[in-house]
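Source file: upload04.cif; contents: mmCIF, C-alpha atoms.
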data_run
#
loop_
_atom_site.label_atom_id
_atom_site.label_comp_id
_atom_site.auth_asym_id
_atom_site.auth_seq_id
_atom_site.Cartn_x
_atom_site.Cartn_y
_atom_site.Cartn_z
CA MET A 1 20.80 1.24 -7.12
CA SER A 2 18.63 1.86 -10.18
CA TRP A 3 18.01 5.36 -11.50
CA ALA A 4 14.34 5.20 -10.58
CA ARG A 5 15.17 4.22 -7.02
CA ALA A 6 17.86 6.89 -6.75
CA LEU A 7 15.37 9.49 -7.98
CA LEU A 8 12.80 8.32 -5.46
CA ALA A 9 15.41 8.52 -2.70
CA VAL A 10 16.33 12.09 -3.68
CA GLY A 11 12.61 12.90 -3.86
CA ALA A 12 12.03 11.52 -0.36
CA ILE A 13 14.82 13.51 1.25
CA THR A 14 13.75 16.64 -0.66
CA LEU A 15 10.20 16.11 0.57
CA GLY A 16 11.41 16.01 4.18
CA LEU A 17 13.63 19.06 3.76
CA GLY A 18 10.91 20.97 1.90
CA ALA A 19 8.12 20.14 4.35
CA SER A 20 10.23 21.25 7.31
CA TRP A 21 11.36 24.41 5.48
CA ALA A 22 7.74 25.27 4.59
CA LEU A 23 6.82 25.02 8.28
CA SER A 24 9.80 27.18 9.32
CA GLY A 25 11.66 24.24 10.81
CA ARG A 26 8.98 23.43 13.36
CA ILE A 27 9.31 20.08 15.08
CA VAL A 28 5.76 19.18 13.99
CA THR A 29 7.11 17.99 10.61
CA VAL A 30 9.42 15.51 12.33
CA ALA A 31 6.56 14.49 14.63
CA ILE A 32 4.12 13.78 11.79
CA LEU A 33 6.72 11.78 9.86
CA ALA A 34 7.59 9.82 13.03
CA VAL A 35 3.94 8.85 13.56
CA LEU A 36 3.71 7.70 9.92
CA VAL A 37 6.92 5.67 10.28
CA ALA A 38 5.54 4.13 13.49
CA ALA A 39 2.29 3.08 11.80
CA GLY A 40 4.13 1.65 8.80
CA ASN A 41 6.65 -0.14 11.00
CA GLY A 42 3.95 -1.76 13.09
CA TYR A 43 1.94 -2.80 10.03
CA SER A 44 4.91 -4.15 8.08
CA LYS A 45 6.59 -5.93 10.97
CA ALA A 46 4.21 -8.84 10.72
CA TYR A 47 5.80 -9.70 7.35
CA SER A 48 9.27 -10.14 8.81
CA PRO A 49 10.30 -13.73 8.08
CA MET B 1 -2.80 0.42 26.30
CA PRO B 2 0.36 -1.07 27.90
CA ALA B 3 2.27 -0.15 24.72
CA ILE B 4 1.10 3.47 24.87
CA ALA B 5 1.94 3.67 28.59
CA ILE B 6 5.52 2.54 27.93
CA TRP B 7 5.94 5.05 25.11
CA ILE B 8 4.54 7.83 27.34
CA THR B 9 7.08 6.94 30.04
CA LEU B 10 9.85 7.15 27.47
CA GLY B 11 8.52 10.51 26.24
CA LEU B 12 8.58 11.84 29.78
CA LEU B 13 12.08 10.58 30.59
CA VAL B 14 13.91 11.67 27.43
CA ASN B 15 12.37 15.13 27.49
CA LEU B 16 13.55 15.81 31.03
CA LEU B 17 17.03 16.22 29.58
CA PRO B 18 18.15 18.86 27.05
CA LEU B 19 18.67 16.38 24.21
CA SER B 20 16.67 18.03 21.45
CA ALA B 21 19.46 19.56 19.31
CA ILE B 22 21.89 16.64 19.47
CA THR B 23 19.05 14.19 18.82
CA LEU B 24 18.05 16.07 15.67
CA VAL B 25 21.63 15.67 14.40
CA PHE B 26 21.60 11.94 15.23
CA MET B 27 18.20 11.60 13.60
CA ALA B 28 19.36 13.26 10.39
CA GLY B 29 22.47 11.05 10.22
CA TYR B 30 20.61 7.87 11.13
CA GLY B 31 17.78 8.60 8.69
CA VAL B 32 20.04 9.32 5.74
CA PHE B 33 22.45 6.44 6.49
CA TYR B 34 19.87 3.69 6.89
CA GLY B 35 17.52 5.34 4.38
CA VAL B 36 20.16 5.00 1.64
CA LEU B 37 20.93 1.41 2.66
CA GLU B 38 17.32 0.28 2.81
CA SER B 39 16.05 2.09 -0.26
CA GLY B 40 19.13 0.91 -2.17
CA GLY B 41 18.56 -2.72 -1.15
CA VAL B 42 21.89 -2.97 0.71
CA ALA B 43 21.72 -5.58 3.48
CA ARG B 44 24.66 -4.55 5.68
CA PRO B 45 25.15 -3.21 8.25
CA ALA B 46 21.96 -4.62 9.73
CA PRO B 47 19.74 -2.13 11.59
CA PRO B 48 20.13 -2.00 15.36
CA GLY B 49 17.73 -4.21 17.26
CA SER B 50 17.13 -7.15 19.51
CA ARG B 51 16.87 -10.82 18.61
CA TRP B 52 15.31 -11.63 21.95
CA GLN B 53 11.96 -13.41 21.82
CA VAL B 54 9.34 -13.85 24.48
CA PRO B 55 9.89 -17.30 26.08
CA SER B 56 6.94 -19.53 25.25
CA GLU B 57 6.31 -20.38 28.92
CA TRP B 58 5.47 -16.72 29.53
CA VAL B 59 2.41 -16.94 27.29
CA ARG B 60 1.47 -20.62 27.13
CA GLY B 61 -0.88 -21.99 29.74
CA VAL B 62 -1.30 -18.64 31.52
CA SER B 63 -4.41 -16.54 32.04
CA ARG B 64 -5.71 -14.25 29.28
CA ARG B 65 -5.04 -11.24 31.47
CA ARG B 66 -1.38 -12.17 31.94
CA ARG B 67 -0.99 -12.93 28.22
CA PHE B 68 -2.53 -9.56 27.40
CA LEU B 69 -0.02 -7.86 29.70
CA VAL B 70 2.97 -9.76 28.28
CA TRP B 71 2.03 -9.19 24.63
CA GLY B 72 0.92 -5.62 25.22
CA SER B 73 3.89 -4.46 27.28
CA LEU B 74 6.68 -6.42 25.58
CA LEU B 75 5.59 -6.81 21.98
CA GLY B 76 3.20 -3.88 21.54
CA PRO B 77 5.73 -1.04 22.05
CA GLY B 78 8.20 -2.77 19.72
CA PHE B 79 11.37 -2.45 21.84
CA ALA B 80 11.76 -6.08 22.85
CA THR B 81 11.08 -7.81 19.56
CA ARG B 82 13.04 -8.53 16.43
CA ASN B 83 12.42 -5.77 13.91
CA PRO B 84 14.07 -5.95 10.47
CA TYR B 85 13.40 -2.30 9.62
CA ALA B 86 15.69 0.52 10.75
CA GLY B 87 12.74 2.91 10.98
CA PHE B 88 11.82 1.72 14.45
CA TRP B 89 14.87 3.17 16.20
CA LEU B 90 14.22 6.54 14.62
CA LEU B 91 11.10 6.80 16.77
CA PRO B 92 12.75 7.21 20.22
CA LEU B 93 15.07 9.78 18.62
CA ALA B 94 12.05 11.70 17.31
CA VAL B 95 10.51 11.70 20.80
CA ALA B 96 13.75 13.02 22.34
CA ALA B 97 14.04 15.67 19.61
CA VAL B 98 10.83 17.41 20.72
CA GLY B 99 12.50 19.11 23.68
CA ASN B 100 9.26 19.81 25.54
CA ILE B 101 7.79 17.45 28.13
CA GLY B 102 4.12 18.01 27.22
CA TYR B 103 4.56 17.72 23.46
CA GLY B 104 7.13 14.95 23.90
CA VAL B 105 4.65 12.86 25.88
CA LEU B 106 1.94 13.64 23.30
CA LEU B 107 4.17 12.50 20.42
CA ALA B 108 5.24 9.40 22.34
CA ALA B 109 1.59 8.48 22.95
CA ALA B 110 0.78 9.04 19.25
CA ILE B 111 3.73 6.87 18.21
CA GLY B 112 2.73 4.14 20.67
CA ALA B 113 -0.87 4.20 19.42
CA ALA B 114 0.17 4.25 15.74
CA HIS B 115 2.71 1.44 16.14
CA SER B 116 0.49 -0.87 18.16
CA THR B 117 -2.55 -0.22 15.94
CA GLY B 118 -0.45 -0.90 12.84
CA ARG B 119 0.84 -4.08 14.45
CA ALA B 120 -2.68 -5.26 15.31
CA LEU B 121 -3.94 -4.50 11.80
CA GLY B 122 -0.93 -6.30 10.29
CA LEU B 123 -1.64 -9.39 12.34
CA LEU B 124 -5.32 -9.34 11.38
CA ARG B 125 -4.34 -9.00 7.71
CA ASP B 126 -1.97 -11.96 8.00
CA VAL B 127 -4.63 -14.11 9.60
CA GLN B 128 -7.07 -13.37 6.78
CA HIS B 129 -4.97 -13.05 3.62
CA VAL B 130 -1.39 -14.23 3.98
CA ASP B 131 -0.07 -17.74 3.94
CA VAL B 132 2.17 -17.39 6.99
CA ASN B 133 3.91 -20.64 6.11
CA SER B 134 5.14 -19.23 2.82
CA TYR B 135 8.68 -18.09 3.57
CA LEU B 136 9.14 -16.77 0.02
CA GLN B 137 5.99 -14.62 0.17
CA SER B 138 6.99 -13.32 3.56
CA THR B 139 10.52 -12.45 2.38
CA LEU B 140 9.27 -10.65 -0.75
CA ARG B 141 6.82 -8.58 1.31
CA SER B 142 9.56 -7.80 3.81
CA MET B 143 11.85 -6.55 1.00
CA TYR B 144 9.08 -4.32 -0.31
CA TRP B 145 8.46 -2.82 3.13
CA ARG B 146 12.18 -2.41 3.74
CA LYS B 147 12.40 -0.17 0.68
CA ALA B 148 9.36 1.81 1.81
CA ASP B 149 10.94 2.16 5.25
CA GLY B 150 14.10 3.47 3.59
CA PHE B 151 12.23 6.22 1.73
CA ALA B 152 10.39 7.18 4.92
CA LEU B 153 13.73 7.32 6.79
CA LEU B 154 15.16 9.63 4.14
CA ALA B 155 12.17 11.97 4.41
CA ALA B 156 12.39 12.00 8.22
CA GLY B 157 16.16 12.51 8.11
CA GLY B 158 15.73 15.45 5.74
CA ALA B 159 13.08 16.99 7.99
CA ALA B 160 15.33 16.58 11.03
CA ALA B 161 18.25 18.24 9.21
CA MET B 162 16.13 21.24 8.20
CA THR B 163 14.64 21.56 11.69
CA TYR B 164 18.14 21.63 13.14
CA ALA B 165 19.29 24.17 10.50
CA HIS B 166 16.45 26.51 11.49
CA ARG B 167 17.67 26.46 15.09
CA LEU B 168 21.18 27.62 14.21
#

Let me see the structure of the file written as structure tokens.
Amino acid sequence: MSWARALLAVGAITLGLGASWALSGRIVTVAILAVLVAAGNGYSKAYSP
Amino acid sequence: MPAIAIWITLGLLVNLLPLSAITLVFMAGYGVFYGVLESGGVARPAPPGSRWQVPSEWVRGVSRRRRFLVWGSLLGPGFATRNPYAGFWLLPLAVAAVGNIGYGVLLAAAIGAAHSTGRALGLLRDVQHVDVNSYLQSTLRSMYWRKADGFALLAAGGAAAMTYAHRL
């Protein structure tokens, strides 16, 4: 894994931790991320070879 | 609509049981594990999923209404089709993590709408801009989206871990 990718990965997990912490651990953070993952998964699935 | 109805049913069923806390733990583990693999470009282990495909006789030579039902109920929700991205199986976990029937159903409906809308937009994009016969182009795009899926999994896994920590 390249340094840039490792940094992005750490950034992503920190973003999730930070967003949930900022909202006092409310499930809404997980819910919003899940909806975004769902939209991205549906959109990207058409590319699967 | 059939896709959203199936997701709503799932939201109702999984939130009847007290699965919220344990699901958050699973979600955090799943998100970090597959997030590291996908963002790091590691191919194995492959994400969970099905290789089943809709038999052609189910959609060929049948009425539009029946085809709509088959595509909408089987392919729209995403459960019965091949999906190369681990992010998909995080979604049922997220629905079960809500721990409230009303909000669980609401999230399930939102996920069903987002996934099926994304799928429809992706298909429209392919029809207009992508050479579907180009295996190389398709594979490169898939690798790009796999990385993006990995970063999204890491963010969702982190959020699930913090949500669980707040409940302790």

(message) Which residues, named as in the file, does the PyMOL selection byres ((chain A) within 7 of (chain B)) pick out? Answer as an MDAnalysis selection string.
(response) chainID A and resid 1 9 12:17 19:21 25:27 29:31 33:35 37:49

(request) Please identify all polymer residues within 9 Å of range 53-63 of chain B, counting only C-alpha atoms, omitting same-chain residues fewer than 4 positions from it, and present them as number ranges by chain. (result) B: 67-68, 70-71, 74-75, 80-82

(message) Give me, as a PyMOL selection string, all polymer residues having an atom no more than 10 Å from Leu17 in chain B, counting all atoms listed in the file and skipping those fewer than 4 positions away in the same chain.
(response) chain B and resi 12-13+96+99-101
